[in-house]
Amino acid sequence: MSKISVPAAAAPERFTAPTGRAALGLLVLLGSLTAIGPLSLDTYVPALPEMTRDLASSQAQIQLSLTTCLVGMALGQLVTGTLSDRWGRRRPVLVGVVAYALISVLCALAPSAEALAAARFLQGFAGGMGTVVARAVVRDLYAGRAAAKYFSRLVLVFGLAPMAAPAFGGLILRLTSWRGIFLALTVIGTLLAIAVASRLPETLPAARRNTGGLAATARIGRALFTDRVYLGYALTQGLAFAGLFAYLSGSSFVLQDVFGLSVGTFTLVFGVNALAFVTVGQLNARLLDRYEPRPLLVTGLSIGLFAALTLITGALLDALPLVIVALFVLIGSLGMVMPNGTALALDRHAAHAGTAAALLGGIQAVVAAGAAPLVGLAGEGTALPMALVVTTTATASLLTLLTLA
C-alpha cells in the first residue's frame with residue numbers, strides 16, 4: 001500500500017523536538033490533553049449508582065452517558081484531525097478545551113438521564129479535539145520506536161488521571177453531589193485552556209499543511225480506509241479499548257453493588273489498577289530498547305486475554321479476590337497494548353498524522369461505545385456480563401492483530 005505524502009519541495013524542516021525542561025513541559029501538556037478522556041469517564045464512575053437513584057433512571061440509562069461521551073469523542077477526533085492537518089495543531093485544540101470547560105457546566109445542570117446523555121455527547125466531542133491533536137503532535141516529532149517510547153512516557157502522565165480521577169470524584173461526593181464533579185471538570189478544562197494558549201508549540205509548519213481542499217481530504221481518507229494494515233491496528237486498538245470501557249462502565253456496579261465494596265474501597269481498587277497500567281507502560285518503554293513494538297503488542301494482548309478468562313472464572317465462582325486480581329492484570333496489560341498499537345498505526349501515514357490519528361481514535365471510540373450498553377443490558381446483580389464483554393473483545397483484538405502480515 002503506497003502512502004500519500006506531500007512533495008519534497010513543499011515540506012520544510014520539521015519542528016525540532018524540544019529538550020530539557022521544554023521537553024518535560026510538553027510531555028506533561030500532551031499527557032494532560034490525552035487525559036481528557038480518562039477524566040471525562042473516570043471521575044464520575046464512583047457516582048454512577050448515586051446518579052441512577054438521583055435521576056430516577058436505570059443502570060443502562062446512566063451508562064448511556066458513557067456511550068454518548070465516547071461517540072462524541074469519536075466524532076470530535078474525526079473532525080479535528082482533518083482540520084489540524086489544514087490549520088495546524090494549536091487552533092483546533094484551543095477551541096476544543098475551551099468548549100470542554102463550557103459544556104461541563106451543562107452536564108452539571110442536567111435534569112434527567114436523557115439530558116445528561118446529550119450533554120455528555122457534546123463534552124466528548126470537545127474532549128476528543130484535544131486527544132487527537134496530542135497524538136498528532138507526537139507523530140510530528142517522532143517515528144517508529146521513538147514514537148512508541150514517547151507514547152509509553154505519556155502513559156505515565158495521562159495514566160495518573162484514572163488513578164486520581166475516581167479518588168477525586170469520591171472526595172467530591174463526600175462534600176457535595178455528583179453535579180459537583182462536572183463543575184470540577186469545568187475548572188480543569190479552564191486551566192488546560194490557559195496552558196494550551198501559553199505553552200503548546202505549533203509542530204506543523206504552514207508549508208507542510210494540507211491545502212488541497214475536500215478533494216485532497218477525500219484522497220487521504222480513501223488511502224487510510226484502503227490500508228488493511230493500518231485499519232487492522234486501529235481495530236485491534238478499538239477492541240482492546242472496548243474491554244477497558246466495559247471495565248469502566250461496569251466495575252462500579254460490580255464491585256459496589258454485587259460485591260458490596262464501599263466507595264472508598266472501590267476507589268482504592270480502581271487506583272491500584274490504574275497504577276498497574278502506568279507501571280507496565282514504563283516497562284514497555286524499557287523493553288522497546290530491545291524489542292520491536294509488534295511483538296510487545298502481541299504479548300500485551302495475550303496477557304489481557306488470559307486475564308479476561310480468569311475474570312470469567314471469578315464471576316462464575318462469585319470470587320471477589322479472583323475478580324480483583326484478574327482486573328489488575330487486565331488493566332496492566334493495556335499499558336503495553338496502547339502505546340505500541342498507536343505507534344504502529346500512525347507510523348504508516350506520517351504526512352497526515354492528524355487525519356490518521358483522528359480515524360484511529362474514531363474507530364477506537366466507536367467500537368468501545370457498544371461496550372457499556374452490553375454490560376448494562378446483559379443483566380444486573382452479577383459480574384458475568386462485564387466479564388463476557390471483556391473476554392469477547394480481548395479475543396477479537398488478539399485475533400485481529402494475528403491476521404495482519
# chains A, B, ... in the order shown; residues from 1 in each chain; ligands from 1
>>> residues_around(residues="Val196 of chain A", least_positions_apart="2", cutoff="8 Å", atoms="only C-alpha atoms", output="count of residues only")
10
>>> closest_atom_pairs(of="segment 141-192 of chain A", to="segment 102-106 of chain A", cutoff="12 Å", atoms="only C-alpha atoms", output="Markdown table")
| residue | atom | partner | partner_atom | distance |
| --- | --- | --- | --- | --- |
| A:Arg179 | CA | A:Val105 | CA | 9.0 |
| A:Gly180 | CA | A:Val105 | CA | 9.6 |
| A:Ile181 | CA | A:Ser104 | CA | 9.3 |
| A:Phe182 | CA | A:Ser104 | CA | 5.5 |
| A:Leu183 | CA | A:Val105 | CA | 6.0 |
| A:Ala184 | CA | A:Ser104 | CA | 8.6 |
| A:Leu185 | CA | A:Ser104 | CA | 6.3 |
| A:Thr186 | CA | A:Ser104 | CA | 5.3 |
| A:Val187 | CA | A:Ser104 | CA | 9.1 |
| A:Ile188 | CA | A:Ser104 | CA | 9.9 |
| A:Gly189 | CA | A:Leu102 | CA | 8.3 |
| A:Thr190 | CA | A:Leu102 | CA | 8.5 |
>>> residues_around(residues="segment 343-347 of chain A", least_positions_apart="6", cutoff="9 Å", atoms="only C-alpha atoms", output="MDAnalysis selection string")
chainID A and resid 135:136 139 143:149 151 229:234 293:294 353 356:357 360
>>> write_last_selection(atoms="N, CA, C and O atoms", output="compact mmCIF listing (two decimals), in the first residue's frame")
# COMPACT_ATOMS: atom_id res chain seq x y z
N ARG A 135 -1.95 13.28 19.95
CA ARG A 135 -1.35 12.18 19.21
C ARG A 135 -0.64 12.66 17.95
O ARG A 135 0.44 12.18 17.59
N ALA A 136 -1.28 13.62 17.25
CA ALA A 136 -0.68 14.13 16.02
C ALA A 136 0.62 14.86 16.30
O ALA A 136 1.58 14.77 15.52
N ARG A 139 3.37 12.40 16.65
CA ARG A 139 3.80 11.86 15.35
C ARG A 139 4.53 12.90 14.52
O ARG A 139 5.36 12.57 13.68
N ALA A 143 8.99 9.02 15.29
CA ALA A 143 8.54 7.92 14.44
C ALA A 143 9.06 6.60 15.00
O ALA A 143 10.00 6.57 15.79
N GLY A 144 8.42 5.49 14.57
CA GLY A 144 8.91 4.16 14.91
C GLY A 144 9.01 3.90 16.40
O GLY A 144 8.10 4.21 17.17
N ARG A 145 10.14 3.32 16.81
CA ARG A 145 10.35 3.00 18.22
C ARG A 145 10.31 4.26 19.08
O ARG A 145 9.82 4.24 20.21
N ALA A 146 10.87 5.35 18.54
CA ALA A 146 10.89 6.60 19.31
C ALA A 146 9.47 7.06 19.63
O ALA A 146 9.18 7.52 20.74
N ALA A 147 8.56 6.93 18.65
CA ALA A 147 7.17 7.30 18.89
C ALA A 147 6.53 6.37 19.92
O ALA A 147 5.80 6.81 20.81
N ALA A 148 6.79 5.06 19.80
CA ALA A 148 6.24 4.10 20.76
C ALA A 148 6.74 4.40 22.17
O ALA A 148 5.97 4.32 23.14
N LYS A 149 8.02 4.75 22.29
CA LYS A 149 8.56 5.08 23.61
C LYS A 149 7.93 6.35 24.16
O LYS A 149 7.64 6.44 25.35
N PHE A 151 4.90 7.52 23.44
CA PHE A 151 3.54 7.19 23.87
C PHE A 151 3.57 6.45 25.21
O PHE A 151 2.66 6.60 26.03
N VAL A 229 -3.47 -2.85 6.78
CA VAL A 229 -2.64 -2.96 7.98
C VAL A 229 -2.98 -1.84 8.97
O VAL A 229 -3.14 -2.09 10.17
N TYR A 230 -3.11 -0.62 8.46
CA TYR A 230 -3.49 0.50 9.34
C TYR A 230 -4.83 0.22 10.01
O TYR A 230 -4.99 0.38 11.23
N LEU A 231 -5.82 -0.19 9.21
CA LEU A 231 -7.14 -0.48 9.77
C LEU A 231 -7.08 -1.64 10.76
O LEU A 231 -7.80 -1.65 11.76
N GLY A 232 -6.19 -2.61 10.49
CA GLY A 232 -6.05 -3.73 11.42
C GLY A 232 -5.55 -3.28 12.77
O GLY A 232 -6.07 -3.69 13.83
N TYR A 233 -4.53 -2.42 12.76
CA TYR A 233 -4.02 -1.89 14.03
C TYR A 233 -5.08 -1.04 14.73
O TYR A 233 -5.24 -1.09 15.96
N ALA A 234 -5.82 -0.25 13.95
CA ALA A 234 -6.86 0.60 14.54
C ALA A 234 -7.97 -0.25 15.17
O ALA A 234 -8.44 0.06 16.27
N PRO A 293 7.97 -2.90 18.45
CA PRO A 293 6.63 -2.70 19.03
C PRO A 293 5.65 -3.85 18.80
O PRO A 293 4.85 -4.18 19.68
N ARG A 294 5.69 -4.49 17.61
CA ARG A 294 4.68 -5.51 17.30
C ARG A 294 4.72 -6.71 18.24
O ARG A 294 3.68 -7.11 18.77
N ALA A 353 -0.62 13.02 9.84
CA ALA A 353 -0.74 12.43 11.17
C ALA A 353 -2.05 12.79 11.85
O ALA A 353 -2.62 11.99 12.59
N ALA A 356 -4.83 10.59 10.35
CA ALA A 356 -4.60 9.21 10.75
C ALA A 356 -4.92 9.01 12.23
O ALA A 356 -5.53 8.01 12.62
N ALA A 357 -4.51 9.97 13.06
CA ALA A 357 -4.81 9.89 14.49
C ALA A 357 -6.30 10.02 14.74
O ALA A 357 -6.86 9.38 15.65
N LEU A 360 -7.96 6.72 13.81
CA LEU A 360 -7.59 5.76 14.85
C LEU A 360 -8.44 5.95 16.10
O LEU A 360 -9.03 5.00 16.63
>>> atom_distance(atom1="atom CA of Arg153 of chain A", atom2="atom CA of Gly250 of chain A")
28.0 Å
>>> closest_residue(among="A:Ile303, A:Leu255, A:Ala358, A:Leu283", to="Val323 of chain A", atoms="only C-alpha atoms")
A:Leu255
>>> closest_atom_pairs(of="segment 77-167 of chain A", to="segment 57-61 of chain A", cutoff="10 Å", atoms="only C-alpha atoms", output="JSON lines")
{"residue": "A:Ser112", "atom": "CA", "partner": "A:Ser57", "partner_atom": "CA", "distance": 8.3}
{"residue": "A:Ala113", "atom": "CA", "partner": "A:Gln61", "partner_atom": "CA", "distance": 6.5}
{"residue": "A:Glu114", "atom": "CA", "partner": "A:Gln61", "partner_atom": "CA", "distance": 7.8}
{"residue": "A:Leu116", "atom": "CA", "partner": "A:Gln61", "partner_atom": "CA", "distance": 9.9}
{"residue": "A:Ala117", "atom": "CA", "partner": "A:Gln61", "partner_atom": "CA", "distance": 8.5}
>>> write_last_selection(atoms="C-alpha atoms", output="PDB file, in the first residue's frame")
ATOM      1  CA  SER A 112     -32.523  13.947  33.554  1.00  0.00           C
ATOM      2  CA  ALA A 113     -30.577  10.967  32.285  1.00  0.00           C
ATOM      3  CA  GLU A 114     -31.539  11.879  28.719  1.00  0.00           C
ATOM      4  CA  LEU A 116     -27.108  14.214  30.670  1.00  0.00           C
ATOM      5  CA  ALA A 117     -26.502  11.820  27.776  1.00  0.00           C
TER       6      ALA A 117
END
>>> atom_distance(atom1="atom CA of Ala35 of chain A", atom2="atom CA of Ala240 of chain A")
17.6 Å
>>> closest_residue(among="A:Trp178, A:Trp87, A:Phe245, A:Phe125", to="Pro46 of chain A", atoms="only C-alpha atoms")
A:Trp178
>>> closest_residue(among="A:Thr203, A:Leu39, A:Glu50, A:Gly20", to="Asp140 of chain A", atoms="only C-alpha atoms")
A:Thr203
>>> closest_residue(among="A:Ala126, A:Leu268, A:Leu66, A:Leu83", to="Asn210 of chain A", atoms="only C-alpha atoms")
A:Leu83
>>> atom_distance(atom1="atom CA of Ala22 of chain A", atom2="atom CA of Pro201 of chain A")
10.3 Å
>>> closest_residue(among="A:Arg228, A:Leu296, A:Ala47, A:Thr382", to="Phe266 of chain A", atoms="only C-alpha atoms")
A:Ala47
>>> select_by_dssp(residues="segment 40-143 of chain A", states="alpha helix (DSSP H)", output="MDAnalysis selection string")
chainID A and resid 40:42 48:54 59:87 90:108 113:141
>>> closest_residue(among="A:Ala118, A:Leu297, A:Ala56, A:Leu275", to="Ala161 of chain A", atoms="only C-alpha atoms")
A:Leu275
>>> decode(residues="segment 136-164 of chain A", atoms="N, CA and C atoms", output="PDB file, in the first residue's frame")
ATOM      1  N   ALA A 136      -1.277  13.617  17.252  1.00  0.00           N
ATOM      2  CA  ALA A 136      -0.683  14.127  16.020  1.00  0.00           C
ATOM      3  C   ALA A 136       0.619  14.859  16.297  1.00  0.00           C
ATOM      4  N   VAL A 137       0.679  15.596  17.393  1.00  0.00           N
ATOM      5  CA  VAL A 137       1.912  16.307  17.756  1.00  0.00           C
ATOM      6  C   VAL A 137       3.048  15.320  17.989  1.00  0.00           C
ATOM      7  N   VAL A 138       2.751  14.228  18.684  1.00  0.00           N
ATOM      8  CA  VAL A 138       3.782  13.207  18.916  1.00  0.00           C
ATOM      9  C   VAL A 138       4.285  12.669  17.581  1.00  0.00           C
ATOM     10  N   ARG A 139       3.366  12.402  16.650  1.00  0.00           N
ATOM     11  CA  ARG A 139       3.797  11.863  15.354  1.00  0.00           C
ATOM     12  C   ARG A 139       4.532  12.899  14.519  1.00  0.00           C
ATOM     13  N   ASP A 140       4.250  14.192  14.737  1.00  0.00           N
ATOM     14  CA  ASP A 140       5.019  15.238  14.072  1.00  0.00           C
ATOM     15  C   ASP A 140       6.482  15.199  14.486  1.00  0.00           C
ATOM     16  N   LEU A 141       6.718  14.790  15.732  1.00  0.00           N
ATOM     17  CA  LEU A 141       8.060  14.875  16.309  1.00  0.00           C
ATOM     18  C   LEU A 141       8.836  13.567  16.273  1.00  0.00           C
ATOM     19  N   TYR A 142       8.132  12.424  16.310  1.00  0.00           N
ATOM     20  CA  TYR A 142       8.814  11.139  16.466  1.00  0.00           C
ATOM     21  C   TYR A 142       8.221  10.097  15.523  1.00  0.00           C
ATOM     22  N   ALA A 143       8.989   9.020  15.293  1.00  0.00           N
ATOM     23  CA  ALA A 143       8.541   7.924  14.443  1.00  0.00           C
ATOM     24  C   ALA A 143       9.055   6.598  14.998  1.00  0.00           C
ATOM     25  N   GLY A 144       8.420   5.489  14.567  1.00  0.00           N
ATOM     26  CA  GLY A 144       8.911   4.159  14.907  1.00  0.00           C
ATOM     27  C   GLY A 144       9.006   3.899  16.400  1.00  0.00           C
ATOM     28  N   ARG A 145      10.139   3.317  16.808  1.00  0.00           N
ATOM     29  CA  ARG A 145      10.347   3.004  18.215  1.00  0.00           C
ATOM     30  C   ARG A 145      10.305   4.261  19.082  1.00  0.00           C
ATOM     31  N   ALA A 146      10.869   5.351  18.543  1.00  0.00           N
ATOM     32  CA  ALA A 146      10.887   6.595  19.314  1.00  0.00           C
ATOM     33  C   ALA A 146       9.469   7.061  19.632  1.00  0.00           C
ATOM     34  N   ALA A 147       8.556   6.925  18.648  1.00  0.00           N
ATOM     35  CA  ALA A 147       7.166   7.295  18.891  1.00  0.00           C
ATOM     36  C   ALA A 147       6.528   6.373  19.921  1.00  0.00           C
ATOM     37  N   ALA A 148       6.790   5.055  19.799  1.00  0.00           N
ATOM     38  CA  ALA A 148       6.238   4.097  20.763  1.00  0.00           C
ATOM     39  C   ALA A 148       6.737   4.396  22.173  1.00  0.00           C
ATOM     40  N   LYS A 149       8.015   4.752  22.287  1.00  0.00           N
ATOM     41  CA  LYS A 149       8.563   5.080  23.606  1.00  0.00           C
ATOM     42  C   LYS A 149       7.925   6.352  24.156  1.00  0.00           C
ATOM     43  N   TYR A 150       7.695   7.332  23.268  1.00  0.00           N
ATOM     44  CA  TYR A 150       7.081   8.574  23.745  1.00  0.00           C
ATOM     45  C   TYR A 150       5.649   8.332  24.200  1.00  0.00           C
ATOM     46  N   PHE A 151       4.903   7.520  23.439  1.00  0.00           N
ATOM     47  CA  PHE A 151       3.542   7.190  23.871  1.00  0.00           C
ATOM     48  C   PHE A 151       3.567   6.445  25.206  1.00  0.00           C
ATOM     49  N   SER A 152       4.611   5.636  25.437  1.00  0.00           N
ATOM     50  CA  SER A 152       4.746   4.955  26.721  1.00  0.00           C
ATOM     51  C   SER A 152       4.990   5.959  27.844  1.00  0.00           C
ATOM     52  N   ARG A 153       5.789   6.994  27.554  1.00  0.00           N
ATOM     53  CA  ARG A 153       6.020   8.036  28.554  1.00  0.00           C
ATOM     54  C   ARG A 153       4.745   8.820  28.832  1.00  0.00           C
ATOM     55  N   LEU A 154       3.939   9.010  27.793  1.00  0.00           N
ATOM     56  CA  LEU A 154       2.656   9.689  28.002  1.00  0.00           C
ATOM     57  C   LEU A 154       1.770   8.914  28.965  1.00  0.00           C
ATOM     58  N   VAL A 155       1.908   7.579  28.944  1.00  0.00           N
ATOM     59  CA  VAL A 155       1.138   6.759  29.872  1.00  0.00           C
ATOM     60  C   VAL A 155       1.399   7.187  31.310  1.00  0.00           C
ATOM     61  N   LEU A 156       2.641   7.572  31.587  1.00  0.00           N
ATOM     62  CA  LEU A 156       2.996   7.992  32.941  1.00  0.00           C
ATOM     63  C   LEU A 156       2.199   9.223  33.353  1.00  0.00           C
ATOM     64  N   VAL A 157       1.911  10.103  32.382  1.00  0.00           N
ATOM     65  CA  VAL A 157       1.193  11.339  32.683  1.00  0.00           C
ATOM     66  C   VAL A 157      -0.310  11.107  32.665  1.00  0.00           C
ATOM     67  N   PHE A 158      -0.833  10.661  31.495  1.00  0.00           N
ATOM     68  CA  PHE A 158      -2.288  10.514  31.444  1.00  0.00           C
ATOM     69  C   PHE A 158      -2.762   9.306  32.239  1.00  0.00           C
ATOM     70  N   GLY A 159      -1.839   8.380  32.579  1.00  0.00           N
ATOM     71  CA  GLY A 159      -2.215   7.262  33.436  1.00  0.00           C
ATOM     72  C   GLY A 159      -2.522   7.685  34.859  1.00  0.00           C
ATOM     73  N   LEU A 160      -2.020   8.874  35.228  1.00  0.00           N
ATOM     74  CA  LEU A 160      -2.351   9.387  36.557  1.00  0.00           C
ATOM     75  C   LEU A 160      -3.823   9.765  36.654  1.00  0.00           C
ATOM     76  N   ALA A 161      -4.419  10.090  35.507  1.00  0.00           N
ATOM     77  CA  ALA A 161      -5.823  10.508  35.514  1.00  0.00           C
ATOM     78  C   ALA A 161      -6.751   9.422  36.044  1.00  0.00           C
ATOM     79  N   PRO A 162      -6.693   8.181  35.512  1.00  0.00           N
ATOM     80  CA  PRO A 162      -7.591   7.161  36.073  1.00  0.00           C
ATOM     81  C   PRO A 162      -7.267   6.786  37.513  1.00  0.00           C
ATOM     82  N   MET A 163      -6.021   7.048  37.954  1.00  0.00           N
ATOM     83  CA  MET A 163      -5.702   6.795  39.355  1.00  0.00           C
ATOM     84  C   MET A 163      -6.310   7.864  40.249  1.00  0.00           C
ATOM     85  N   ALA A 164      -6.147   9.126  39.834  1.00  0.00           N
ATOM     86  CA  ALA A 164      -6.587  10.232  40.676  1.00  0.00           C
ATOM     87  C   ALA A 164      -8.066  10.550  40.488  1.00  0.00           C
TER      88      ALA A 164
END
